[in-house]
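Have a look at structure.txt; it's compact mmCIF, N, CA and C atoms:
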```txt
# COMPACT_ATOMS: atom_id res chain seq x y z
N MET X 18 0.84 -1.17 0.00
CA MET X 18 0.00 0.00 0.00
C MET X 18 0.89 1.24 0.00
N ASP X 19 0.52 2.22 -0.79
CA ASP X 19 1.29 3.46 -0.87
C ASP X 19 1.15 4.27 0.41
N TYR X 20 2.17 5.08 0.67
CA TYR X 20 2.11 5.99 1.81
C TYR X 20 1.11 7.10 1.52
N PRO X 21 0.40 7.57 2.55
CA PRO X 21 -0.47 8.73 2.37
C PRO X 21 0.37 9.95 1.96
N PRO X 22 -0.22 10.96 1.31
CA PRO X 22 0.54 12.09 0.76
C PRO X 22 1.47 12.80 1.75
N ARG X 23 1.02 13.09 2.97
CA ARG X 23 1.88 13.82 3.93
C ARG X 23 3.05 12.96 4.37
N VAL X 24 2.83 11.66 4.58
CA VAL X 24 3.92 10.76 4.96
C VAL X 24 4.90 10.64 3.80
N ARG X 25 4.37 10.47 2.57
CA ARG X 25 5.23 10.35 1.39
C ARG X 25 6.07 11.60 1.21
N ALA X 26 5.50 12.78 1.46
CA ALA X 26 6.26 14.03 1.32
C ALA X 26 7.43 14.07 2.30
N LEU X 27 7.20 13.66 3.55
CA LEU X 27 8.28 13.61 4.54
C LEU X 27 9.37 12.63 4.11
N LEU X 28 8.95 11.47 3.66
CA LEU X 28 9.93 10.45 3.25
C LEU X 28 10.71 10.89 2.01
N ASP X 29 10.05 11.58 1.09
CA ASP X 29 10.75 12.09 -0.10
C ASP X 29 11.80 13.12 0.29
N ARG X 30 11.46 14.01 1.25
CA ARG X 30 12.42 15.03 1.70
C ARG X 30 13.66 14.39 2.35
N THR X 31 13.45 13.31 3.05
CA THR X 31 14.55 12.66 3.78
C THR X 31 15.18 11.52 2.99
N LYS X 32 14.64 11.25 1.79
CA LYS X 32 15.11 10.17 0.92
C LYS X 32 15.04 8.81 1.62
N ALA X 33 13.96 8.62 2.40
CA ALA X 33 13.75 7.36 3.13
C ALA X 33 12.64 6.57 2.45
N ASP X 34 12.76 5.26 2.51
CA ASP X 34 11.73 4.39 1.95
C ASP X 34 11.63 3.12 2.79
N ALA X 35 10.56 2.38 2.58
CA ALA X 35 10.31 1.16 3.35
C ALA X 35 11.53 0.25 3.34
N GLY X 36 11.88 -0.27 4.51
CA GLY X 36 13.02 -1.17 4.64
C GLY X 36 14.30 -0.47 5.05
N ASP X 37 14.36 0.85 4.92
CA ASP X 37 15.56 1.58 5.33
C ASP X 37 15.67 1.61 6.85
N SER X 38 16.89 1.60 7.36
CA SER X 38 17.11 1.83 8.78
C SER X 38 17.08 3.33 9.00
N VAL X 39 16.30 3.75 10.00
CA VAL X 39 16.12 5.18 10.23
C VAL X 39 16.26 5.53 11.71
N LEU X 40 16.58 6.78 11.95
CA LEU X 40 16.57 7.36 13.28
C LEU X 40 15.53 8.49 13.23
N VAL X 41 14.48 8.34 14.02
CA VAL X 41 13.41 9.34 14.05
C VAL X 41 13.44 10.01 15.41
N ARG X 42 13.42 11.33 15.40
CA ARG X 42 13.31 12.10 16.65
C ARG X 42 11.90 12.68 16.67
N ALA X 43 11.21 12.42 17.80
CA ALA X 43 9.84 12.91 17.95
C ALA X 43 9.59 13.20 19.42
N LYS X 44 9.12 14.39 19.70
CA LYS X 44 8.83 14.81 21.08
C LYS X 44 10.01 14.54 22.01
N GLY X 45 11.21 14.82 21.55
CA GLY X 45 12.40 14.65 22.37
C GLY X 45 12.87 13.21 22.53
N GLU X 46 12.19 12.25 21.93
CA GLU X 46 12.57 10.83 22.00
C GLU X 46 13.26 10.42 20.71
N ARG X 47 14.11 9.38 20.83
CA ARG X 47 14.78 8.80 19.66
C ARG X 47 14.19 7.42 19.39
N TYR X 48 13.84 7.16 18.14
CA TYR X 48 13.34 5.86 17.73
C TYR X 48 14.21 5.36 16.59
N GLU X 49 14.93 4.28 16.82
CA GLU X 49 15.76 3.70 15.78
C GLU X 49 15.15 2.38 15.36
N GLY X 50 15.10 2.14 14.06
CA GLY X 50 14.55 0.88 13.58
C GLY X 50 14.40 0.89 12.08
N THR X 51 13.53 0.03 11.61
CA THR X 51 13.29 -0.14 10.18
C THR X 51 11.99 0.54 9.79
N LEU X 52 12.04 1.36 8.76
CA LEU X 52 10.84 2.03 8.27
C LEU X 52 9.92 0.99 7.63
N MET X 53 8.69 0.93 8.13
CA MET X 53 7.73 -0.05 7.64
C MET X 53 6.83 0.56 6.57
N PRO X 54 6.30 -0.28 5.67
CA PRO X 54 5.35 0.23 4.70
C PRO X 54 4.04 0.63 5.39
N HIS X 55 3.30 1.50 4.78
CA HIS X 55 1.99 1.89 5.30
C HIS X 55 1.01 0.75 5.06
N HIS X 56 0.08 0.57 5.98
CA HIS X 56 -0.94 -0.47 5.80
C HIS X 56 -2.31 0.11 6.10
N GLY X 57 -3.34 -0.61 5.74
CA GLY X 57 -4.71 -0.14 5.85
C GLY X 57 -5.20 0.11 7.26
N PHE X 58 -4.54 -0.46 8.28
CA PHE X 58 -4.97 -0.27 9.66
C PHE X 58 -4.29 0.93 10.31
N SER X 59 -3.40 1.59 9.59
CA SER X 59 -2.67 2.73 10.14
C SER X 59 -3.38 4.03 9.76
N GLY X 60 -3.24 5.02 10.60
CA GLY X 60 -3.83 6.33 10.31
C GLY X 60 -3.10 7.00 9.15
N GLU X 61 -3.75 8.03 8.61
CA GLU X 61 -3.20 8.76 7.46
C GLU X 61 -1.89 9.48 7.77
N ASP X 62 -1.69 9.91 9.01
CA ASP X 62 -0.51 10.70 9.37
C ASP X 62 0.37 9.97 10.36
N ILE X 63 0.55 8.67 10.16
CA ILE X 63 1.34 7.85 11.06
C ILE X 63 2.54 7.27 10.31
N LEU X 64 3.70 7.42 10.91
CA LEU X 64 4.94 6.83 10.41
C LEU X 64 5.23 5.62 11.29
N THR X 65 5.39 4.43 10.69
CA THR X 65 5.57 3.21 11.47
C THR X 65 7.01 2.73 11.37
N ILE X 66 7.61 2.46 12.54
CA ILE X 66 8.99 1.99 12.65
C ILE X 66 8.98 0.65 13.38
N LYS X 67 9.71 -0.34 12.85
CA LYS X 67 9.91 -1.61 13.56
C LYS X 67 11.18 -1.46 14.40
N LEU X 68 11.01 -1.55 15.70
CA LEU X 68 12.12 -1.41 16.63
C LEU X 68 12.97 -2.67 16.64
N PRO X 69 14.21 -2.60 17.12
CA PRO X 69 15.08 -3.79 17.17
C PRO X 69 14.50 -4.94 17.99
N ASN X 70 13.60 -4.66 18.94
CA ASN X 70 13.00 -5.73 19.74
C ASN X 70 11.86 -6.42 19.01
N GLY X 71 11.53 -5.98 17.78
CA GLY X 71 10.50 -6.64 16.98
C GLY X 71 9.14 -5.97 17.04
N TYR X 72 8.96 -5.05 17.96
CA TYR X 72 7.68 -4.35 18.05
C TYR X 72 7.65 -3.16 17.11
N ASN X 73 6.45 -2.80 16.67
CA ASN X 73 6.28 -1.62 15.83
C ASN X 73 5.80 -0.46 16.68
N VAL X 74 6.22 0.74 16.30
CA VAL X 74 5.75 1.95 16.96
C VAL X 74 5.25 2.89 15.86
N GLY X 75 4.06 3.45 16.09
CA GLY X 75 3.50 4.43 15.17
C GLY X 75 3.74 5.83 15.72
N ILE X 76 4.28 6.70 14.89
CA ILE X 76 4.61 8.06 15.32
C ILE X 76 3.78 9.03 14.49
N GLU X 77 3.04 9.88 15.18
CA GLU X 77 2.22 10.87 14.48
C GLU X 77 3.13 11.89 13.80
N LEU X 78 2.82 12.22 12.55
CA LEU X 78 3.67 13.15 11.78
C LEU X 78 3.87 14.48 12.49
N GLY X 79 2.87 14.98 13.16
CA GLY X 79 2.98 16.25 13.86
C GLY X 79 4.02 16.23 14.97
N ASP X 80 4.36 15.04 15.46
CA ASP X 80 5.35 14.91 16.52
C ASP X 80 6.78 14.71 15.99
N VAL X 81 6.91 14.43 14.70
CA VAL X 81 8.22 14.13 14.11
C VAL X 81 9.05 15.40 13.99
N GLU X 82 10.23 15.38 14.61
CA GLU X 82 11.16 16.51 14.52
C GLU X 82 12.16 16.30 13.39
N SER X 83 12.62 15.04 13.21
CA SER X 83 13.55 14.75 12.13
C SER X 83 13.54 13.27 11.82
N VAL X 84 13.92 12.95 10.59
CA VAL X 84 14.10 11.56 10.14
C VAL X 84 15.45 11.51 9.45
N GLU X 85 16.28 10.57 9.88
CA GLU X 85 17.61 10.39 9.29
C GLU X 85 17.75 8.94 8.84
N VAL X 86 18.13 8.74 7.59
CA VAL X 86 18.38 7.39 7.09
C VAL X 86 19.77 6.98 7.54
N THR X 87 19.85 5.88 8.31
CA THR X 87 21.16 5.41 8.78
C THR X 87 21.71 4.30 7.89
N ALA X 88 20.84 3.62 7.15
CA ALA X 88 21.29 2.59 6.19
C ALA X 88 20.17 2.36 5.19
N LYS X 89 20.53 2.32 3.91
CA LYS X 89 19.55 2.06 2.86
C LYS X 89 19.29 0.55 2.78
N HIS X 90 18.04 0.22 2.50
CA HIS X 90 17.64 -1.18 2.35
C HIS X 90 18.13 -1.72 1.01
N THR X 91 18.77 -2.86 1.04
CA THR X 91 19.17 -3.53 -0.19
C THR X 91 18.48 -4.89 -0.21
N PRO X 92 17.56 -5.09 -1.15
CA PRO X 92 16.83 -6.35 -1.20
C PRO X 92 17.79 -7.53 -1.38
N ALA X 93 17.56 -8.56 -0.60
CA ALA X 93 18.39 -9.76 -0.70
C ALA X 93 17.86 -10.63 -1.83
N SER X 94 18.77 -11.18 -2.59
CA SER X 94 18.36 -12.11 -3.63
C SER X 94 18.70 -13.52 -3.13
N VAL X 95 17.69 -14.15 -2.57
CA VAL X 95 17.88 -15.48 -2.00
C VAL X 95 17.20 -16.50 -2.90
N GLU X 96 17.94 -17.48 -3.30
CA GLU X 96 17.36 -18.55 -4.10
C GLU X 96 17.02 -19.69 -3.15
N ARG X 97 15.74 -19.99 -3.07
CA ARG X 97 15.30 -21.05 -2.16
C ARG X 97 14.98 -22.30 -2.97
N LYS X 98 15.49 -23.42 -2.49
CA LYS X 98 15.25 -24.68 -3.17
C LYS X 98 14.72 -25.69 -2.17
N LEU X 99 13.75 -26.47 -2.61
CA LEU X 99 13.25 -27.56 -1.79
C LEU X 99 14.17 -28.76 -1.97
N PRO X 100 14.26 -29.59 -0.95
CA PRO X 100 15.06 -30.81 -1.13
C PRO X 100 14.39 -31.72 -2.16
N PRO X 101 15.15 -32.59 -2.79
CA PRO X 101 14.54 -33.48 -3.79
C PRO X 101 13.53 -34.41 -3.12
N PRO X 102 12.44 -34.74 -3.83
CA PRO X 102 11.43 -35.64 -3.27
C PRO X 102 12.00 -37.03 -2.98
N THR X 103 11.49 -37.65 -1.94
CA THR X 103 11.84 -39.02 -1.60
C THR X 103 10.58 -39.84 -1.71
N ALA X 104 10.56 -40.78 -2.65
CA ALA X 104 9.35 -41.54 -2.94
C ALA X 104 8.81 -42.29 -1.73
N SER X 105 9.67 -42.74 -0.83
CA SER X 105 9.22 -43.54 0.30
C SER X 105 8.70 -42.71 1.47
N LYS X 106 8.77 -41.39 1.34
CA LYS X 106 8.34 -40.53 2.46
C LYS X 106 7.25 -39.57 1.99
N PRO X 107 6.29 -39.30 2.88
CA PRO X 107 5.19 -38.40 2.49
C PRO X 107 5.65 -36.94 2.46
N THR X 108 4.91 -36.13 1.74
CA THR X 108 5.15 -34.69 1.72
C THR X 108 4.51 -34.09 2.96
N VAL X 109 5.23 -33.22 3.63
CA VAL X 109 4.74 -32.56 4.83
C VAL X 109 4.76 -31.06 4.59
N ALA X 110 3.64 -30.40 4.84
CA ALA X 110 3.58 -28.94 4.72
C ALA X 110 3.73 -28.35 6.11
N VAL X 111 4.56 -27.30 6.23
CA VAL X 111 4.78 -26.64 7.50
C VAL X 111 4.39 -25.18 7.34
N LEU X 112 3.52 -24.72 8.20
CA LEU X 112 3.13 -23.31 8.21
C LEU X 112 3.63 -22.74 9.52
N GLY X 113 4.54 -21.79 9.44
CA GLY X 113 5.09 -21.18 10.65
C GLY X 113 4.59 -19.76 10.78
N THR X 114 4.03 -19.43 11.93
CA THR X 114 3.65 -18.05 12.20
C THR X 114 4.33 -17.64 13.49
N GLY X 115 4.69 -16.41 13.59
CA GLY X 115 5.42 -15.99 14.78
C GLY X 115 4.83 -14.74 15.37
N GLY X 116 5.57 -14.14 16.24
CA GLY X 116 5.14 -12.89 16.85
C GLY X 116 4.56 -13.08 18.22
N THR X 117 3.90 -12.04 18.70
CA THR X 117 3.40 -11.99 20.07
C THR X 117 2.43 -13.12 20.37
N ILE X 118 1.58 -13.47 19.43
CA ILE X 118 0.54 -14.47 19.70
C ILE X 118 1.14 -15.86 19.83
N ALA X 119 2.12 -16.21 19.01
CA ALA X 119 2.65 -17.56 18.99
C ALA X 119 3.78 -17.79 19.98
N SER X 120 4.34 -16.74 20.55
CA SER X 120 5.48 -16.93 21.41
C SER X 120 5.58 -15.81 22.43
N TYR X 121 6.46 -16.02 23.40
CA TYR X 121 6.74 -14.96 24.35
C TYR X 121 8.24 -14.93 24.61
N VAL X 122 8.75 -13.79 25.04
CA VAL X 122 10.17 -13.60 25.29
C VAL X 122 10.40 -13.58 26.79
N ASP X 123 11.39 -14.37 27.24
CA ASP X 123 11.85 -14.31 28.62
C ASP X 123 12.92 -13.23 28.63
N TYR X 124 12.58 -12.04 29.12
CA TYR X 124 13.49 -10.91 29.04
C TYR X 124 14.72 -11.05 29.93
N ARG X 125 14.69 -11.98 30.89
CA ARG X 125 15.87 -12.22 31.72
C ARG X 125 16.95 -12.93 30.92
N THR X 126 16.53 -13.87 30.06
CA THR X 126 17.50 -14.66 29.30
C THR X 126 17.53 -14.29 27.83
N GLY X 127 16.48 -13.61 27.36
CA GLY X 127 16.38 -13.29 25.94
C GLY X 127 15.84 -14.43 25.10
N ALA X 128 15.46 -15.55 25.75
CA ALA X 128 14.97 -16.72 25.02
C ALA X 128 13.52 -16.51 24.59
N VAL X 129 13.19 -17.04 23.42
CA VAL X 129 11.82 -17.00 22.91
C VAL X 129 11.21 -18.38 23.11
N HIS X 130 10.00 -18.43 23.66
CA HIS X 130 9.33 -19.69 23.96
C HIS X 130 7.96 -19.71 23.29
N PRO X 131 7.45 -20.91 22.97
CA PRO X 131 6.09 -20.97 22.42
C PRO X 131 5.09 -20.58 23.49
N ALA X 132 4.01 -19.93 23.08
CA ALA X 132 2.98 -19.56 24.03
C ALA X 132 2.26 -20.80 24.55
N VAL X 133 2.16 -21.83 23.73
CA VAL X 133 1.54 -23.09 24.11
C VAL X 133 2.43 -24.22 23.62
N THR X 134 2.71 -25.19 24.47
CA THR X 134 3.47 -26.37 24.06
C THR X 134 2.46 -27.46 23.70
N PRO X 135 2.65 -28.16 22.59
CA PRO X 135 1.70 -29.20 22.20
C PRO X 135 1.56 -30.27 23.28
N ARG X 136 0.35 -30.79 23.43
CA ARG X 136 0.10 -31.86 24.40
C ARG X 136 0.82 -33.14 23.99
N ASN X 137 1.14 -33.95 24.99
CA ASN X 137 1.75 -35.26 24.77
C ASN X 137 3.01 -35.19 23.92
N SER X 138 3.79 -34.13 24.10
CA SER X 138 4.99 -34.01 23.28
C SER X 138 6.21 -34.45 24.09
N SER X 139 7.10 -35.14 23.41
CA SER X 139 8.34 -35.54 24.05
C SER X 139 9.26 -34.34 24.12
N SER X 140 10.35 -34.44 24.87
CA SER X 140 11.28 -33.30 24.95
C SER X 140 11.87 -33.00 23.58
N ALA X 141 12.07 -34.03 22.75
CA ALA X 141 12.62 -33.79 21.41
C ALA X 141 11.64 -32.98 20.57
N SER X 142 10.35 -33.35 20.60
CA SER X 142 9.41 -32.59 19.78
C SER X 142 9.17 -31.22 20.38
N ARG X 143 9.28 -31.05 21.71
CA ARG X 143 9.15 -29.72 22.31
C ARG X 143 10.27 -28.81 21.82
N SER X 144 11.49 -29.33 21.71
CA SER X 144 12.58 -28.48 21.24
C SER X 144 12.37 -28.11 19.79
N CYS X 145 11.80 -29.01 18.98
CA CYS X 145 11.49 -28.67 17.60
C CYS X 145 10.40 -27.61 17.57
N TRP X 146 9.39 -27.75 18.45
CA TRP X 146 8.32 -26.77 18.52
C TRP X 146 8.88 -25.40 18.88
N THR X 147 9.77 -25.37 19.86
CA THR X 147 10.38 -24.11 20.27
C THR X 147 11.15 -23.49 19.12
N SER X 148 11.93 -24.31 18.41
CA SER X 148 12.70 -23.79 17.29
C SER X 148 11.79 -23.25 16.21
N ALA X 149 10.69 -23.98 15.96
CA ALA X 149 9.77 -23.55 14.91
C ALA X 149 9.09 -22.25 15.27
N THR X 150 8.78 -22.05 16.55
CA THR X 150 8.08 -20.83 16.93
C THR X 150 9.02 -19.70 17.28
N SER X 151 10.32 -19.94 17.25
CA SER X 151 11.29 -18.90 17.56
C SER X 151 11.70 -18.10 16.33
N ALA X 152 11.05 -18.37 15.20
CA ALA X 152 11.38 -17.70 13.95
C ALA X 152 11.02 -16.22 14.06
N PRO X 153 11.55 -15.37 13.15
CA PRO X 153 11.20 -13.96 13.15
C PRO X 153 9.69 -13.77 13.05
N ALA X 154 9.23 -12.61 13.41
CA ALA X 154 7.80 -12.35 13.46
C ALA X 154 7.20 -12.14 12.08
N SER X 155 7.33 -13.11 11.22
CA SER X 155 6.71 -13.06 9.92
C SER X 155 6.15 -14.44 9.63
N SER X 156 5.21 -14.49 8.75
CA SER X 156 4.62 -15.78 8.41
C SER X 156 5.37 -16.37 7.24
N THR X 157 5.68 -17.65 7.35
CA THR X 157 6.36 -18.34 6.26
C THR X 157 5.71 -19.68 6.06
N ALA X 158 5.74 -20.17 4.86
CA ALA X 158 5.23 -21.50 4.60
C ALA X 158 6.24 -22.22 3.73
N SER X 159 6.45 -23.49 3.99
CA SER X 159 7.36 -24.26 3.17
C SER X 159 6.89 -25.70 3.15
N THR X 160 7.35 -26.43 2.17
CA THR X 160 7.03 -27.83 2.04
C THR X 160 8.32 -28.61 2.01
N ALA X 161 8.39 -29.71 2.73
CA ALA X 161 9.62 -30.51 2.77
C ALA X 161 9.27 -31.96 2.92
N ARG X 162 10.19 -32.82 2.56
CA ARG X 162 10.06 -34.26 2.76
C ARG X 162 10.71 -34.61 4.08
N THR X 163 10.12 -35.54 4.80
CA THR X 163 10.73 -35.96 6.07
C THR X 163 11.31 -37.34 5.95
```
Please express the file's structure as structure tokens.
Amino acid sequence: MDYPPRVRALLDRTKADAGDSVLVRAKGERYEGTLMPHHGFSGEDILTIKLPNGYNVGIELGDVESVEVTAKHTPASVERKLPPPTASKPTVAVLGTGGTIASYVDYRTGAVHPAVTPRNSSSASRSCWTSATSAPASSTASTART
């Protein structure tokens, strides 16, 4: 979704765009993070930054004192390949979702844990569950042979 006109004007002046690392000063506070694209649930005059802790903060344009691009976003070109099929094994689809709903952070240790551990799971499957839910806060889907 495109940025609303006032947000786009600010970003054009500062040469900032979605994915760039930015330092925003607003109401005497500093917000460092990644500039997020505008979405339909955001207000017309809101600038959204993803903080290093993974949370997003919306900053009202009227409060913004300055925006500084600290690093330009360079899209990664990642070639993803599935493993070759194995006739003797079934295809398994894995849907991973992350974020606040699927996990919680133990701020004393920095560890990410699943919000719910599957019932009747062995310690081995619990560690797989933890690894699966410890992914970045984005949704991914993949298919693999087991």
Quote the spacing between atom C of Lys32 of chain X and atom C of Glu85 of chain X in Å to one decimal place.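 Between atom C of Lys32 of chain X and atom C of Glu85 of chain X the gap works out to 7.7 Å.
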What does the distance between atom N of Tyr124 of chain X and atom CA of Val111 of chain X come to in Å, to one decimal place?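 Atom CA of Val111 of chain X lies 27.2 Å from atom N of Tyr124 of chain X.
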Tell me which protein, DNA and RNA residues are within 6.5 Å of segment 67-80 of chain X, counting only N, CA and C atoms, leaving out same-chain ones fewer than 3 positions away, and put them as an MDAnalysis selection string. chainID X and resid 42:44 49:53 62:64 83
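Closest approach to Val41 of chain X among X:Val86, X:Ala26, X:Val95, X:Leu112 is made by X:Val86 (distances from only N, CA and C atoms).
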In Å, how far is it from atom CA of Thr31 of chain X to atom CA of Ala88 of chain X?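 Atom-to-atom, atom CA of Thr31 of chain X to atom CA of Ala88 of chain X, that is 12.4 Å.
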